[in-house]
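See below for the structure under consideration.
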Amino acid sequence: MQRQATREPPAPGAAPDIFADLTAWLEQQKQAGVERIYLPPAVRAELFEDIAISPVIPQPAPSPERPPPSEPMPAARPPVQPAARPPSRPAAAPPPSAPPSATDRDWPALASAVAACTACDLHRTRDLPVFGEGSRQAELMMIGAAPGAGEDRDGRPFTDAAGELLGKMIGAMQFSRSEVYLTNVVKCRPAGGRRPTAAEAEACRNYAVNQIKLVRPKVIVLLGEVALHTLLGPRSLTRSRGHWHEFAGIPVMPTYHPAYLLQSPKAKREVWSDLQQAMRRLGRDPRETMRQTRMTKS
């Protein structure tokens with residue numbers, strides 16, 4: 001049977017050389033056959049605080065077969081199996097370039113994209129791409145089909161005879177040309193001045209869409225069938241003009257292109273009717289234009 005000390009050791013701090021006294025006392029207890037000594041919690045706390053070390057907790061002896069490593073080993077990871085590769089297929093040749101898909105491009109980036117575009121073959125025969133011009137905060141945006149010869153040379157939209165007539169139409173709407181944003185759905189001139197194909201217009205469509213979203217006009221006037229088909233889909237211009245449509249939440253009024261009016265002057269009355277509707281949407285009174293016209297003629 002193990003014997004236990006019946007009295008407590010001297011309290012720490014009771015004598016100048018407490019550790020020597022404690023050692024002597026422990027030796028006496030050992031000779032007396034005491035194997036365990038009880039220390040009250042208060043004495044243990046004071047003792048360990050005084051000697052400024054933590055009590056050593058005995059650790060179990062390591063297994064003789066496998067000594068413990070000095071550092072914990074990381075958990076083993078399962079081997080990574082390579083992903084199965086699908087059977088190889090011949091890759092389709094990408095197009096020379098693609099129109100932009102982002103709708104938040106800034107103006108310089110969008111203009112650079114148009115200048116570098118090779119999405120269709122029109123870039124091979126053009127002189128200059130015609131990006132567009134006018135107020136970037138315009139209430140009114142007018143969109144035509146494709147550049148003519150003069151526009152291709154100057155890099156500006158509506159600078160030919162049809163553009164001169166369009167300027168008069170804009171003035172009749174009580175705007176100056178600089179207050180309106182002008183562009184075409186197709187930015188490069190088709191060779192020979194032909195009508196752009198549906199594929200060419202579709203390749204260029206996103207440029208006009210991004211311009212619309214950057215300008216955010218209150219009203220869009222589509223000039224001609226190509227602009228109508230490109231932005232609103234195939235439909236009759238004769239039946240669509242004179243009626244309001246919508247694109248990206250913006251009211252749209254289709255009407256005839258100024259180039260058509262040069263060939264069919266009688267259609268000017270219908271175009272003026274369409275433009276008057278646009279004026280009213282923009283808070284302008286067409287009667288004021290008529291009064292000014294009568295005053296000019298008198």
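Ligands are numbered from 1 in the order shown, residues from 1 within each chain, and chains are lettered A, B, ... in the order they appear in the structure tokens.
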Could you find all residues in range 91-293 of chain A that DSSP calls alpha helix (DSSP H) from the backbone, and write them as a VMD selection string?
chain A and resid 107 to 115 149 to 154 161 to 172 198 to 215 225 to 232 237 to 240 258 to 263 268 to 281 286 to 293
Convert the current residue selection to file output with C-alpha atoms, as a PDB file, in the first residue's frame.
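That gives us again-v1.pdb:
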```pdb
ATOM      1  CA  TRP A 107     -16.839  55.787 -76.975  1.00  0.00           C
ATOM      2  CA  PRO A 108     -13.106  55.548 -77.796  1.00  0.00           C
ATOM      3  CA  ALA A 109     -13.102  51.775 -77.346  1.00  0.00           C
ATOM      4  CA  LEU A 110     -16.198  51.370 -79.505  1.00  0.00           C
ATOM      5  CA  ALA A 111     -14.788  53.620 -82.235  1.00  0.00           C
ATOM      6  CA  SER A 112     -11.528  51.631 -82.176  1.00  0.00           C
ATOM      7  CA  ALA A 113     -13.460  48.387 -82.497  1.00  0.00           C
ATOM      8  CA  VAL A 114     -15.292  49.715 -85.565  1.00  0.00           C
ATOM      9  CA  ALA A 115     -12.039  50.914 -87.138  1.00  0.00           C
ATOM     10  CA  ALA A 149     -19.244  57.431-101.644  1.00  0.00           C
ATOM     11  CA  GLY A 150     -18.758  60.842-100.025  1.00  0.00           C
ATOM     12  CA  GLU A 151     -19.185  59.427 -96.532  1.00  0.00           C
ATOM     13  CA  ASP A 152     -16.685  56.671 -97.273  1.00  0.00           C
ATOM     14  CA  ARG A 153     -14.184  59.317 -98.352  1.00  0.00           C
ATOM     15  CA  ASP A 154     -14.792  61.696 -95.428  1.00  0.00           C
ATOM     16  CA  ALA A 161     -27.150  64.880-101.345  1.00  0.00           C
ATOM     17  CA  ALA A 162     -29.312  62.660 -99.123  1.00  0.00           C
ATOM     18  CA  GLY A 163     -27.463  64.055 -96.114  1.00  0.00           C
ATOM     19  CA  GLU A 164     -28.213  67.598 -97.232  1.00  0.00           C
ATOM     20  CA  LEU A 165     -31.907  66.757 -97.398  1.00  0.00           C
ATOM     21  CA  LEU A 166     -31.672  65.098 -93.991  1.00  0.00           C
ATOM     22  CA  GLY A 167     -30.227  68.328 -92.612  1.00  0.00           C
ATOM     23  CA  LYS A 168     -33.349  70.155 -93.756  1.00  0.00           C
ATOM     24  CA  MET A 169     -35.528  67.505 -92.145  1.00  0.00           C
ATOM     25  CA  ILE A 170     -33.637  67.936 -88.877  1.00  0.00           C
ATOM     26  CA  GLY A 171     -34.067  71.695 -89.065  1.00  0.00           C
ATOM     27  CA  ALA A 172     -37.804  71.283 -89.651  1.00  0.00           C
ATOM     28  CA  ALA A 198     -28.586  40.996 -94.430  1.00  0.00           C
ATOM     29  CA  ALA A 199     -25.396  39.178 -93.344  1.00  0.00           C
ATOM     30  CA  GLU A 200     -23.343  42.371 -93.591  1.00  0.00           C
ATOM     31  CA  ALA A 201     -25.919  44.310 -91.606  1.00  0.00           C
ATOM     32  CA  GLU A 202     -26.090  41.602 -88.949  1.00  0.00           C
ATOM     33  CA  ALA A 203     -22.284  41.555 -88.620  1.00  0.00           C
ATOM     34  CA  CYS A 204     -22.395  45.284 -87.868  1.00  0.00           C
ATOM     35  CA  ARG A 205     -25.586  45.361 -85.801  1.00  0.00           C
ATOM     36  CA  ASN A 206     -23.998  45.318 -82.345  1.00  0.00           C
ATOM     37  CA  TYR A 207     -22.068  48.499 -83.067  1.00  0.00           C
ATOM     38  CA  ALA A 208     -25.305  50.417 -83.631  1.00  0.00           C
ATOM     39  CA  VAL A 209     -26.882  48.716 -80.609  1.00  0.00           C
ATOM     40  CA  ASN A 210     -24.001  49.833 -78.388  1.00  0.00           C
ATOM     41  CA  GLN A 211     -24.244  53.367 -79.754  1.00  0.00           C
ATOM     42  CA  ILE A 212     -27.942  53.435 -78.874  1.00  0.00           C
ATOM     43  CA  LYS A 213     -27.225  52.295 -75.337  1.00  0.00           C
ATOM     44  CA  LEU A 214     -24.443  54.846 -74.919  1.00  0.00           C
ATOM     45  CA  VAL A 215     -26.515  57.769 -76.245  1.00  0.00           C
ATOM     46  CA  GLU A 225     -35.782  49.520 -94.786  1.00  0.00           C
ATOM     47  CA  VAL A 226     -32.235  48.314 -93.986  1.00  0.00           C
ATOM     48  CA  ALA A 227     -32.203  50.084 -90.620  1.00  0.00           C
ATOM     49  CA  LEU A 228     -35.722  48.841 -89.861  1.00  0.00           C
ATOM     50  CA  HIS A 229     -34.939  45.207 -90.681  1.00  0.00           C
ATOM     51  CA  THR A 230     -31.604  45.226 -88.853  1.00  0.00           C
ATOM     52  CA  LEU A 231     -32.910  46.570 -85.549  1.00  0.00           C
ATOM     53  CA  LEU A 232     -36.555  45.436 -85.495  1.00  0.00           C
ATOM     54  CA  LEU A 237     -41.567  49.656 -94.087  1.00  0.00           C
ATOM     55  CA  THR A 238     -44.753  50.924 -95.753  1.00  0.00           C
ATOM     56  CA  ARG A 239     -46.865  49.381 -93.009  1.00  0.00           C
ATOM     57  CA  SER A 240     -44.427  50.148 -90.170  1.00  0.00           C
ATOM     58  CA  PRO A 258     -33.740  60.702 -97.564  1.00  0.00           C
ATOM     59  CA  ALA A 259     -32.191  58.983-100.607  1.00  0.00           C
ATOM     60  CA  TYR A 260     -35.624  57.541-101.403  1.00  0.00           C
ATOM     61  CA  LEU A 261     -37.166  61.015-101.139  1.00  0.00           C
ATOM     62  CA  LEU A 262     -34.751  62.291-103.788  1.00  0.00           C
ATOM     63  CA  GLN A 263     -36.270  59.745-106.168  1.00  0.00           C
ATOM     64  CA  LYS A 268     -42.018  63.828 -98.330  1.00  0.00           C
ATOM     65  CA  ARG A 269     -45.520  64.464 -96.994  1.00  0.00           C
ATOM     66  CA  GLU A 270     -45.573  61.037 -95.344  1.00  0.00           C
ATOM     67  CA  VAL A 271     -42.103  61.535 -93.887  1.00  0.00           C
ATOM     68  CA  TRP A 272     -43.094  64.923 -92.485  1.00  0.00           C
ATOM     69  CA  SER A 273     -46.094  63.273 -90.818  1.00  0.00           C
ATOM     70  CA  ASP A 274     -43.762  60.703 -89.210  1.00  0.00           C
ATOM     71  CA  LEU A 275     -41.345  63.386 -88.039  1.00  0.00           C
ATOM     72  CA  GLN A 276     -44.159  65.420 -86.504  1.00  0.00           C
ATOM     73  CA  GLN A 277     -45.016  62.452 -84.292  1.00  0.00           C
ATOM     74  CA  ALA A 278     -41.393  62.305 -83.180  1.00  0.00           C
ATOM     75  CA  MET A 279     -41.443  66.028 -82.459  1.00  0.00           C
ATOM     76  CA  ARG A 280     -44.485  65.721 -80.238  1.00  0.00           C
ATOM     77  CA  ARG A 281     -42.796  62.900 -78.305  1.00  0.00           C
ATOM     78  CA  PRO A 286     -44.860  71.170 -85.338  1.00  0.00           C
ATOM     79  CA  ARG A 287     -47.143  74.198 -85.805  1.00  0.00           C
ATOM     80  CA  GLU A 288     -44.239  76.454 -84.856  1.00  0.00           C
ATOM     81  CA  THR A 289     -42.217  75.037 -87.755  1.00  0.00           C
ATOM     82  CA  MET A 290     -45.121  75.671 -90.122  1.00  0.00           C
ATOM     83  CA  ARG A 291     -45.439  79.276 -88.946  1.00  0.00           C
ATOM     84  CA  GLN A 292     -41.707  79.837 -89.472  1.00  0.00           C
ATOM     85  CA  THR A 293     -41.926  78.323 -92.931  1.00  0.00           C
TER      86      THR A 293
END
```
Any idea what the distance is between CA of Ala248 in chain A and CA of Arg216 in chain A?
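Result for CA of Ala248 in chain A versus CA of Arg216 in chain A: 9.4 Å, one decimal.
Between CA of Val130 in chain A and CA of Gly242 in chain A the separation is 28.2 Å.
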How many Å lie between CA of Glu179 in chain A and CA of Glu139 in chain A, rounded to one decimal?
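Between CA of Glu179 in chain A and CA of Glu139 in chain A the gap works out to 8.0 Å.
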Nearest to Arg194 in chain A by atom-to-atom distance, counting only C-alpha atoms, from A:Asp121, A:Thr255, A:Leu128, A:Gly148
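Residue with the minimum atom-to-atom distance to Arg194 in chain A: A:Gly148.
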Contacts of Pro190 in chain A within 8 Å, only C-alpha atoms, excl. fewer than 4 positions in-chain, as JSON, numbers by chain
{"A": [122, 125, 126, 146, 147, 194, 195, 196]}
